[in-house]
$ cat input-v6.txt   # compact mmCIF, C-alpha atoms and all ligand atoms
# COMPACT_ATOMS: atom_id res chain seq x y z
CA MET T 1 -7.27 21.50 36.36
CA VAL T 2 -4.32 20.01 34.52
CA LYS T 3 -6.72 17.87 32.51
CA ARG T 4 -8.26 20.98 30.89
CA ILE T 5 -4.97 22.31 29.63
CA PHE T 6 -3.19 19.26 28.26
CA SER T 7 -4.14 16.70 25.66
CA ARG T 8 -4.87 13.08 26.52
CA ARG T 9 -2.23 11.93 24.08
CA SER T 10 0.49 13.68 26.11
CA GLY T 11 -0.77 12.34 29.44
CA ILE T 12 1.71 9.50 29.49
CA GLU T 13 2.59 7.91 32.79
CA ARG T 14 6.18 8.84 33.51
CA GLY T 15 6.99 7.90 37.10
CA PRO T 16 9.89 5.48 37.59
CA ASN T 17 9.02 1.82 38.03
CA ARG T 18 10.51 -0.23 40.84
CA LEU T 19 13.49 -1.41 38.81
CA SER T 20 14.37 1.95 37.28
CA ALA T 21 14.09 3.55 40.75
CA ALA T 22 16.42 0.88 42.17
CA VAL T 23 18.91 1.45 39.32
CA SER T 24 18.91 5.22 39.98
CA ARG T 25 19.44 4.62 43.71
CA ALA T 26 22.29 2.20 43.09
CA ARG T 27 23.99 4.66 40.73
CA ALA T 28 23.46 7.57 43.15
CA ASP T 29 25.12 5.43 45.84
CA GLY T 30 28.11 5.01 43.54
CA ARG T 31 27.60 1.27 42.98
CA GLU T 32 29.16 -0.12 39.83
CA LEU T 33 26.56 -2.04 37.88
CA LEU T 34 27.13 -4.55 35.12
CA ASP T 35 24.70 -3.19 32.55
CA LEU T 36 23.35 -6.01 30.38
CA THR T 37 20.73 -3.74 28.81
CA LEU T 38 23.08 -1.57 26.75
CA SER T 39 21.56 -0.82 23.38
CA ASN T 40 23.39 2.35 22.40
CA PRO T 41 25.91 1.17 19.78
CA THR T 42 28.05 4.30 20.19
CA ARG T 43 28.79 3.20 23.73
CA ALA T 44 29.53 -0.38 22.85
CA ASP T 45 33.22 -0.29 21.84
CA LEU T 46 32.59 -0.89 18.15
CA PRO T 47 35.18 -0.34 15.36
CA TYR T 48 33.66 2.63 13.53
CA PRO T 49 35.47 3.74 10.34
CA GLU T 50 35.93 7.19 11.91
CA ARG T 51 37.93 8.94 9.19
CA GLU T 52 35.58 7.72 6.46
CA LEU T 53 32.50 8.79 8.44
CA LEU T 54 33.83 12.23 9.28
CA ASP T 55 34.92 12.81 5.68
CA ALA T 56 31.51 11.75 4.41
CA LEU T 57 29.84 14.18 6.82
CA SER T 58 31.88 17.20 5.79
CA ASP T 59 30.78 17.64 2.17
CA SER T 60 30.76 21.37 1.33
CA GLU T 61 27.48 20.86 -0.56
CA ALA T 62 25.94 20.79 2.94
CA LEU T 63 26.17 24.57 3.03
CA ARG T 64 23.32 24.79 0.52
CA TYR T 65 19.66 24.13 1.25
CA GLU T 66 17.64 22.50 -1.51
CA PRO T 67 14.93 20.57 0.27
CA ASP T 68 13.02 17.68 -1.24
CA PRO T 69 10.16 16.31 0.89
CA LEU T 70 11.17 12.73 0.10
CA GLY T 71 14.85 13.41 0.75
CA MET T 72 17.73 13.93 -1.69
CA LEU T 73 17.53 11.80 -4.80
CA SER T 74 21.17 10.64 -4.44
CA ALA T 75 20.39 9.36 -0.94
CA ARG T 76 17.16 7.66 -2.04
CA GLU T 77 18.99 5.98 -4.90
CA ALA T 78 21.58 4.70 -2.43
CA VAL T 79 18.78 3.22 -0.28
CA ALA T 80 17.18 1.55 -3.31
CA ARG T 81 20.56 0.02 -4.30
CA HIS T 82 21.13 -1.17 -0.73
CA VAL T 83 17.70 -2.81 -0.49
CA SER T 84 18.15 -4.52 -3.82
CA LYS T 85 21.63 -5.80 -2.91
CA THR T 86 20.91 -6.98 0.62
CA GLN T 87 17.28 -8.05 0.44
CA GLY T 88 16.89 -8.85 -3.23
CA VAL T 89 13.84 -6.63 -3.75
CA ARG T 90 13.50 -3.89 -6.31
CA VAL T 91 12.23 -0.59 -5.01
CA SER T 92 12.13 2.57 -7.05
CA PRO T 93 13.90 5.62 -5.50
CA GLU T 94 10.54 7.34 -6.19
CA HIS T 95 9.08 5.15 -3.46
CA VAL T 96 11.77 5.78 -0.88
CA MET T 97 11.27 8.50 1.72
CA LEU T 98 13.88 9.61 4.23
CA THR T 99 12.92 10.35 7.82
CA ALA T 100 14.89 11.40 10.89
CA SER T 101 14.32 8.08 12.65
CA THR T 102 12.22 4.97 12.46
CA SER T 103 10.15 6.47 15.26
CA GLU T 104 9.39 9.45 13.05
CA ALA T 105 8.46 7.08 10.22
CA TYR T 106 5.95 5.38 12.52
CA ALA T 107 4.48 8.75 13.51
CA LEU T 108 4.02 9.75 9.85
CA LEU T 109 2.48 6.40 8.94
CA PHE T 110 0.08 6.49 11.89
CA LYS T 111 -0.98 9.98 10.78
CA LEU T 112 -1.41 8.70 7.22
CA LEU T 113 -3.50 5.67 8.14
CA CYS T 114 -5.30 6.37 11.43
CA ASP T 115 -7.82 8.73 12.90
CA PRO T 116 -7.92 9.34 16.66
CA GLY T 117 -9.27 6.24 18.39
CA ASP T 118 -8.19 3.87 15.61
CA GLU T 119 -6.02 0.84 16.27
CA VAL T 120 -2.83 -0.67 14.89
CA MET T 121 -1.97 -4.30 15.52
CA VAL T 122 1.35 -4.70 17.33
CA PRO T 123 3.33 -7.87 18.08
CA ARG T 124 3.28 -9.25 21.62
CA PRO T 125 5.91 -9.70 23.03
CA GLY T 126 7.24 -6.59 21.36
CA TYR T 127 9.11 -3.31 21.39
CA PRO T 128 7.70 -1.15 24.21
CA LEU T 129 8.03 2.10 22.27
CA PHE T 130 5.14 1.14 19.93
CA GLU T 131 2.60 1.85 22.65
CA LEU T 132 4.06 5.34 23.19
CA LEU T 133 4.34 6.11 19.49
CA ALA T 134 0.74 5.08 18.92
CA ARG T 135 -0.52 6.93 21.96
CA GLN T 136 1.03 10.19 20.81
CA GLU T 137 -0.94 9.93 17.58
CA SER T 138 -4.11 9.18 19.59
CA VAL T 139 -3.98 5.62 18.31
CA ARG T 140 -4.27 2.38 20.30
CA GLY T 141 -1.91 -0.57 19.96
CA ALA T 142 -3.88 -3.84 19.76
CA PRO T 143 -1.61 -6.82 20.49
CA TYR T 144 -1.38 -10.00 18.43
CA ASP T 145 0.49 -12.89 19.99
CA SER T 146 3.59 -14.94 19.36
CA ARG T 147 4.04 -18.14 21.34
CA TYR T 148 7.07 -20.18 22.28
CA ASP T 149 7.45 -23.88 21.83
CA GLY T 150 11.18 -24.41 21.39
CA SER T 151 11.04 -21.61 18.84
CA TRP T 152 8.77 -18.62 18.36
CA TYR T 153 5.77 -18.69 16.07
CA LEU T 154 2.83 -16.39 15.39
CA ASP T 155 -0.45 -17.60 16.80
CA LEU T 156 -2.24 -17.71 13.47
CA GLU T 157 -5.47 -18.94 15.04
CA THR T 158 -5.94 -15.88 17.22
CA LEU T 159 -4.38 -13.41 14.75
CA PRO T 160 -7.61 -12.48 12.93
CA ALA T 161 -9.42 -11.90 16.24
CA SER T 162 -6.93 -9.15 17.16
CA ARG T 163 -8.40 -7.12 14.34
CA THR T 164 -11.42 -4.94 15.11
CA GLU T 165 -13.57 -2.46 13.18
CA ARG T 166 -11.07 0.22 14.12
CA THR T 167 -7.90 -1.56 13.02
CA ARG T 168 -6.10 0.39 10.30
CA ALA T 169 -2.69 -1.26 10.00
CA VAL T 170 -0.57 -4.13 11.20
CA LEU T 171 3.02 -3.80 12.42
CA ALA T 172 5.27 -6.73 11.50
CA VAL T 173 8.73 -6.75 13.06
CA SER T 174 11.29 -9.15 11.59
CA PRO T 175 13.33 -10.16 13.45
CA ASN T 176 11.22 -9.11 16.38
CA ASN T 177 12.51 -7.23 19.39
CA PRO T 178 12.94 -8.87 21.90
CA THR T 179 12.20 -12.43 20.75
CA GLY T 180 14.62 -12.39 17.81
CA ALA T 181 12.12 -14.35 15.69
CA PHE T 182 12.10 -13.79 11.92
CA ILE T 183 8.67 -13.87 10.31
CA LYS T 184 8.11 -17.03 8.25
CA ARG T 185 6.51 -17.05 4.81
CA ASP T 186 3.20 -18.55 5.98
CA GLU T 187 3.05 -15.98 8.78
CA LEU T 188 3.64 -13.09 6.39
CA ARG T 189 0.92 -14.51 4.13
CA ALA T 190 -1.49 -14.66 7.09
CA ILE T 191 -0.65 -11.06 7.97
CA ALA T 192 -1.18 -9.96 4.35
CA ASP T 193 -4.51 -11.80 4.29
CA LEU T 194 -5.79 -9.42 6.96
CA ARG T 195 -6.02 -6.94 4.05
CA LEU T 196 -4.57 -4.11 6.08
CA PRO T 197 -1.61 -1.90 5.23
CA ILE T 198 1.55 -3.51 6.62
CA ILE T 199 4.23 -1.51 8.42
CA SER T 200 7.20 -3.82 8.21
CA ASP T 201 9.99 -3.03 10.66
CA GLU T 202 13.16 -4.54 9.20
CA VAL T 203 15.71 -2.64 11.29
CA PHE T 204 17.34 -5.81 12.60
CA ALA T 205 17.14 -7.78 9.32
CA ALA T 206 20.92 -7.67 8.81
CA TYR T 207 21.52 -9.43 12.13
CA SER T 208 20.85 -13.09 11.63
CA MET T 209 22.26 -15.61 14.09
CA ASP T 210 22.53 -18.32 11.45
CA ASP T 211 24.57 -18.40 8.26
CA ALA T 212 22.13 -21.00 6.98
CA PRO T 213 18.77 -19.56 8.01
CA ASP T 214 15.50 -21.44 8.32
CA PRO T 215 14.27 -21.94 4.73
CA ARG T 216 10.77 -20.93 5.87
CA ARG T 217 12.00 -17.42 6.70
CA ALA T 218 10.22 -14.65 4.74
CA GLY T 219 12.23 -12.00 2.91
CA SER T 220 11.29 -8.33 3.00
CA ALA T 221 7.55 -7.63 3.15
CA LEU T 222 8.16 -5.53 0.01
CA GLU T 223 7.98 -8.83 -1.88
CA LEU T 224 4.22 -8.80 -1.31
CA ASN T 225 2.40 -7.05 -4.12
CA ASP T 226 -1.25 -7.40 -3.20
CA THR T 227 -1.27 -5.05 -0.23
CA LEU T 228 0.19 -1.72 0.79
CA VAL T 229 3.58 -2.22 2.46
CA PHE T 230 5.80 0.32 4.19
CA ALA T 231 9.18 -1.22 5.03
CA LEU T 232 11.30 0.61 7.60
CA ASN T 233 15.03 0.62 8.15
CA GLY T 234 17.73 3.12 9.04
CA LEU T 235 21.23 3.91 10.16
CA SER T 236 20.41 3.45 13.83
CA LYS T 237 20.70 -0.34 13.72
CA LEU T 238 22.07 -0.98 10.23
CA ALA T 239 25.22 1.09 10.75
CA GLY T 240 25.11 1.51 14.54
CA LEU T 241 24.67 5.28 14.07
CA PRO T 242 21.47 6.38 15.87
CA GLN T 243 22.89 9.87 16.41
CA LEU T 244 22.97 10.62 12.68
CA LYS T 245 19.17 10.56 12.64
CA LEU T 246 18.49 8.97 9.28
CA SER T 247 15.96 6.26 8.48
CA TRP T 248 13.80 5.43 5.52
CA ILE T 249 10.44 4.15 4.40
CA CYS T 250 10.34 1.99 1.24
CA ALA T 251 6.83 1.51 -0.09
CA GLY T 252 5.19 -1.03 -2.36
CA GLY T 253 1.73 -2.27 -3.26
CA PRO T 254 -1.11 -1.80 -5.73
CA ASP T 255 -0.46 1.30 -7.88
CA ASP T 256 -3.58 3.31 -7.04
CA LEU T 257 -3.17 2.91 -3.27
CA LEU T 258 0.55 3.50 -3.43
CA ASP T 259 0.14 6.72 -5.43
CA GLU T 260 -2.40 8.14 -3.03
CA ALA T 261 -0.38 7.09 0.04
CA TRP T 262 2.76 8.63 -1.43
CA GLN T 263 1.17 11.96 -2.27
CA ARG T 264 -0.25 12.25 1.22
CA LEU T 265 3.02 11.22 2.89
CA SER T 266 5.01 13.63 0.75
CA LEU T 267 2.83 16.50 1.83
CA MET T 268 3.24 15.55 5.47
CA ALA T 269 7.00 15.25 5.09
CA ASP T 270 7.06 18.62 3.33
CA THR T 271 5.47 20.17 6.41
CA TYR T 272 8.46 19.19 8.56
CA LEU T 273 11.48 18.59 6.26
CA SER T 274 13.16 17.02 9.26
CA VAL T 275 16.20 15.28 7.77
CA ALA T 276 19.39 17.32 7.86
CA THR T 277 21.38 17.86 4.66
CA PRO T 278 24.87 16.65 5.79
CA VAL T 279 23.67 13.14 6.59
CA GLN T 280 21.72 12.85 3.34
CA LEU T 281 24.86 13.77 1.39
CA ALA T 282 26.86 11.27 3.42
CA LEU T 283 24.42 8.38 3.06
CA PRO T 284 25.83 6.78 -0.14
CA ARG T 285 29.30 6.58 1.44
CA ILE T 286 27.97 5.40 4.79
CA LEU T 287 26.08 2.59 3.08
CA ARG T 288 29.26 1.60 1.25
CA SER T 289 31.33 1.46 4.45
CA HIS T 290 28.85 0.35 7.10
CA GLY T 291 29.80 -3.31 6.68
CA VAL T 292 32.70 -3.06 9.13
CA VAL T 293 30.43 -2.06 12.00
CA ALA T 294 27.54 -4.34 10.99
CA ARG T 295 29.93 -7.30 10.85
CA ALA T 296 31.42 -6.46 14.24
CA ILE T 297 27.91 -6.25 15.73
CA ARG T 298 26.84 -9.50 14.08
CA GLU T 299 29.89 -11.34 15.40
CA ARG T 300 29.45 -9.90 18.87
CA VAL T 301 25.77 -10.75 19.24
CA ARG T 302 26.48 -14.30 18.04
CA ARG T 303 29.33 -14.76 20.54
CA ASN T 304 27.30 -13.25 23.38
CA LEU T 305 24.36 -15.48 22.52
CA LYS T 306 26.66 -18.50 23.00
CA ARG T 307 27.56 -17.13 26.43
CA THR T 308 23.92 -17.43 27.53
CA ARG T 309 24.08 -21.23 27.15
CA ARG T 310 25.49 -23.50 29.80
CA ASP T 311 24.75 -27.18 30.20
CA ALA T 312 22.62 -28.14 33.18
CA SER T 313 22.09 -24.51 34.18
CA ALA T 314 18.80 -23.28 35.61
CA VAL T 315 19.14 -20.30 33.24
CA SER T 316 17.57 -21.38 30.01
CA PRO T 317 17.85 -19.12 26.94
CA LEU T 318 14.95 -19.11 24.49
CA ARG T 319 15.80 -19.62 20.83
CA VAL T 320 17.00 -16.47 19.06
CA GLU T 321 17.17 -16.21 15.25
CA GLY T 322 18.34 -12.62 14.94
CA GLY T 323 18.52 -9.11 16.37
CA TRP T 324 20.34 -7.79 19.41
CA TYR T 325 18.43 -9.35 22.30
CA ALA T 326 18.02 -12.65 24.11
CA THR T 327 15.33 -13.84 26.48
CA LEU T 328 16.38 -15.99 29.42
CA ARG T 329 14.02 -18.17 31.42
CA LEU T 330 14.83 -18.34 35.13
CA PRO T 331 13.31 -20.60 37.79
CA ALA T 332 9.74 -19.59 38.59
CA THR T 333 10.58 -19.21 42.28
CA LEU T 334 10.57 -15.45 41.70
CA SER T 335 8.66 -13.26 39.23
CA ASP T 336 10.58 -11.50 36.46
CA GLU T 337 10.49 -8.24 38.40
CA GLN T 338 11.64 -9.92 41.61
CA TRP T 339 14.50 -11.57 39.75
CA ALA T 340 15.53 -8.28 38.14
CA LEU T 341 15.47 -6.50 41.53
CA THR T 342 17.31 -9.30 43.31
CA LEU T 343 19.99 -9.50 40.64
CA LEU T 344 20.43 -5.74 40.79
CA GLU T 345 20.60 -5.46 44.54
CA GLU T 346 22.57 -8.58 45.33
CA GLU T 347 24.71 -9.12 42.24
CA GLY T 348 25.01 -5.62 40.75
CA LEU T 349 23.46 -6.88 37.49
CA TYR T 350 21.13 -4.70 35.45
CA ILE T 351 18.84 -6.88 33.32
CA TYR T 352 15.35 -6.10 31.97
CA PRO T 353 12.32 -8.01 33.28
CA GLY T 354 10.28 -9.61 30.50
CA TYR T 355 7.15 -7.65 31.39
CA TYR T 356 8.74 -4.52 29.85
CA PHE T 357 8.14 -6.27 26.51
CA ASP T 358 4.82 -7.90 27.41
CA HIS T 359 6.52 -11.27 27.65
CA VAL T 360 4.02 -13.82 28.89
CA GLY T 361 5.53 -16.17 31.47
CA PRO T 362 6.52 -15.56 35.05
CA SER T 363 10.31 -15.43 35.03
CA LEU T 364 11.63 -14.21 31.71
CA LEU T 365 14.47 -11.69 31.57
CA VAL T 366 15.84 -9.85 28.54
CA VAL T 367 19.52 -9.09 27.95
CA SER T 368 21.16 -7.00 25.23
CA LEU T 369 23.66 -9.04 23.22
CA LEU T 370 25.23 -5.77 22.05
CA THR T 371 26.84 -5.41 25.49
CA PRO T 372 30.67 -5.35 25.28
CA GLU T 373 31.90 -8.92 25.65
CA PRO T 374 33.95 -8.64 28.88
CA ILE T 375 30.92 -7.11 30.64
CA PHE T 376 28.51 -9.62 29.15
CA ASP T 377 30.77 -12.52 30.06
CA GLU T 378 31.18 -11.39 33.66
CA GLY T 379 27.45 -10.71 33.91
CA MET T 380 26.54 -14.21 32.70
CA GLN T 381 29.07 -15.78 35.11
CA ARG T 382 27.40 -13.94 37.99
CA LEU T 383 23.96 -14.91 36.76
CA PHE T 384 24.89 -18.61 36.47
CA ALA T 385 26.52 -18.54 39.90
CA ARG T 386 23.47 -16.93 41.45
CA VAL T 387 20.76 -18.98 39.77
CA GLY T 388 22.66 -22.24 39.95
CA GLY T 389 22.70 -25.44 37.94
C1 LIG Y 401 11.82 -2.78 16.65
C2 LIG Y 401 12.58 -1.48 16.58
N1 LIG Y 401 12.32 -0.61 15.59
C3 LIG Y 401 13.03 0.53 15.47
C4 LIG Y 401 14.03 0.85 16.36
C5 LIG Y 401 14.96 2.03 16.11
O1 LIG Y 401 14.37 3.18 15.97
P1 LIG Y 401 15.11 4.57 15.59
O2 LIG Y 401 15.43 4.52 14.13
O3 LIG Y 401 14.04 5.54 15.92
O4 LIG Y 401 16.36 4.70 16.41
C6 LIG Y 401 14.28 0.03 17.43
C7 LIG Y 401 15.29 0.41 18.43
O5 LIG Y 401 15.48 -0.21 19.45
C8 LIG Y 401 13.56 -1.19 17.53
O6 LIG Y 401 13.81 -2.05 18.52

$ encode --input "input-v6.txt" --output "structure tokens" --more "lines below"
Ligand SMILES: Cc1ncc(COP(=O)(O)O)c(C=O)c1O
Amino acid sequence: MVKRIFSRRSGIERGPNRLSAAVSRARADGRELLDLTLSNPTRADLPYPERELLDALSDSEALRYEPDPLGMLSAREAVARHVSKTQGVRVSPEHVMLTASTSEAYALLFKLLCDPGDEVMVPRPGYPLFELLARQESVRGAPYDSRYDGSWYLDLETLPASRTERTRAVLAVSPNNPTGAFIKRDELRAIADLRLPIISDEVFAAYSMDDAPDPRRAGSALELNDTLVFALNGLSKLAGLPQLKLSWICAGGPDDLLDEAWQRLSLMADTYLSVATPVQLALPRILRSHGVVARAIRERVRRNLKRTRRDASAVSPLRVEGGWYATLRLPATLSDEQWALTLLEEEGLYIYPGYYFDHVGPSLLVVSLLTPEPIFDEGMQRLFARVGG
């Protein structure tokens, strides 16, 4: 009966899994957990420039409504300046579009590029939300693989085979969540050679673990000029402000394709006009002052990454180049889910099992390096003590 009323795209499985059920039980029992999955920056004890932010958000111009489907020109100009300064690529404000979140940007781009039943290539391991975002547009995520061999690399041999007749776009995430791998130049070239529009997720690009990065690392995908590129970023990660609901799409590529894409996207954005005025007015100031928070996050994730390493421990961290996450390999005596459940029940530690991210390998766990340092430190001590040397 239910099947006749509701769409397939909304029929998403929503029951708790074994770990989330165990976490709810533990919390209902009043157990204090050490949460090493925290990814909400506003709960992470960060030094926000509060006065500056609140001033920026209280511009009296916000009492007027003058919608522009792409977003306010002053805000788009601020994005273009930011991209040029931090990533060294020129993008015209005419090819910047504001959205309420990166998730909304994905939804618009899937609508632009895909018909129901089409596919988009998604990185594996990868961000679990892609599957849900695609599904809600009646699109399928088709994985392409990264492998680990002391560092992460794209499997360029199998990459072309992940493409089918129905593939309409490829998602490139640099650095990737959760592997922390930046895309290298030869990898970006191989992705571009698929001759598909590229949706380039650069939300963690400001969070590099190394001051002297791998010289093979690719810059923004906007540097490509022979294929349609939509580069995504936003305040959620860049300024640690997900609640302000402001992200952007910067587009580049051959003129004729870009023009057509942009006209279609503008019309779609005009249908919703989803970005609120106060945050658009505030954006230039937020982008001028976000460095304090971004620096604090960068320093924290670097220090927490160091805490995952201990000589002669049976916990072995995989190499991380950037982003907010680290993957830890534990002894294969238990599966990733068994480890996560055991650590929760016996040590009060909440850590994600690798399978949430389609990590291949029996005993990989994922921790958030954004976790406040005293909690992260205590959590790692417990993990080392439990897993042993
Ligand atoms: C790869 C990736 N893209 C985008 C986002 C952020 O999306 P939003 O702007 O919708 O908060 C996240 C958040 O975890 C992410 O991991």

$ closest_residue --input "input-v6.txt" --among "T:Arg264, T:Lys237, T:Arg386, T:Arg90" --to "Ile297 (chain T)" --atoms "only C-alpha atoms"
T:Lys237

$ closest_residue --input "input-v6.txt" --among "T:Leu283, T:Arg300, T:Val203, T:Leu349" --to "Arg81 (chain T)" --atoms "all atoms listed in the file"
T:Leu283

$ closest_residue --input "input-v6.txt" --among "T:Glu137, T:Asp201, T:Asp149, T:Glu299" --to "ligand LIG 401 (chain Y)" --atoms "all atoms listed in the file"
T:Asp201

$ atom_distance --input "input-v6.txt" --atom1 "CA of Pro242 (chain T)" --atom2 "CA of Leu133 (chain T)"
17.5 Å

$ residues_near_ligand --input "input-v6.txt" --ligand "ligand LIG 401 (chain Y)" --cutoff "6 Å" --atoms "all atoms listed in the file" --output "short mmCIF file (atom, residue, chain, number, x, y, z; two decimals) with C-alpha atoms, keeping the file's coordinate frame"
data_model
loop_
_atom_site.label_atom_id
_atom_site.label_comp_id
_atom_site.auth_asym_id
_atom_site.auth_seq_id
_atom_site.Cartn_x
_atom_site.Cartn_y
_atom_site.Cartn_z
CA SER T 101 14.32 8.08 12.65
CA THR T 102 12.22 4.97 12.46
CA SER T 103 10.15 6.47 15.26
CA TYR T 127 9.11 -3.31 21.39
CA ASN T 177 12.51 -7.23 19.39
CA ASP T 201 9.99 -3.03 10.66
CA VAL T 203 15.71 -2.64 11.29
CA GLY T 234 17.73 3.12 9.04
CA SER T 236 20.41 3.45 13.83
CA PRO T 242 21.47 6.38 15.87
CA SER T 247 15.96 6.26 8.48
#
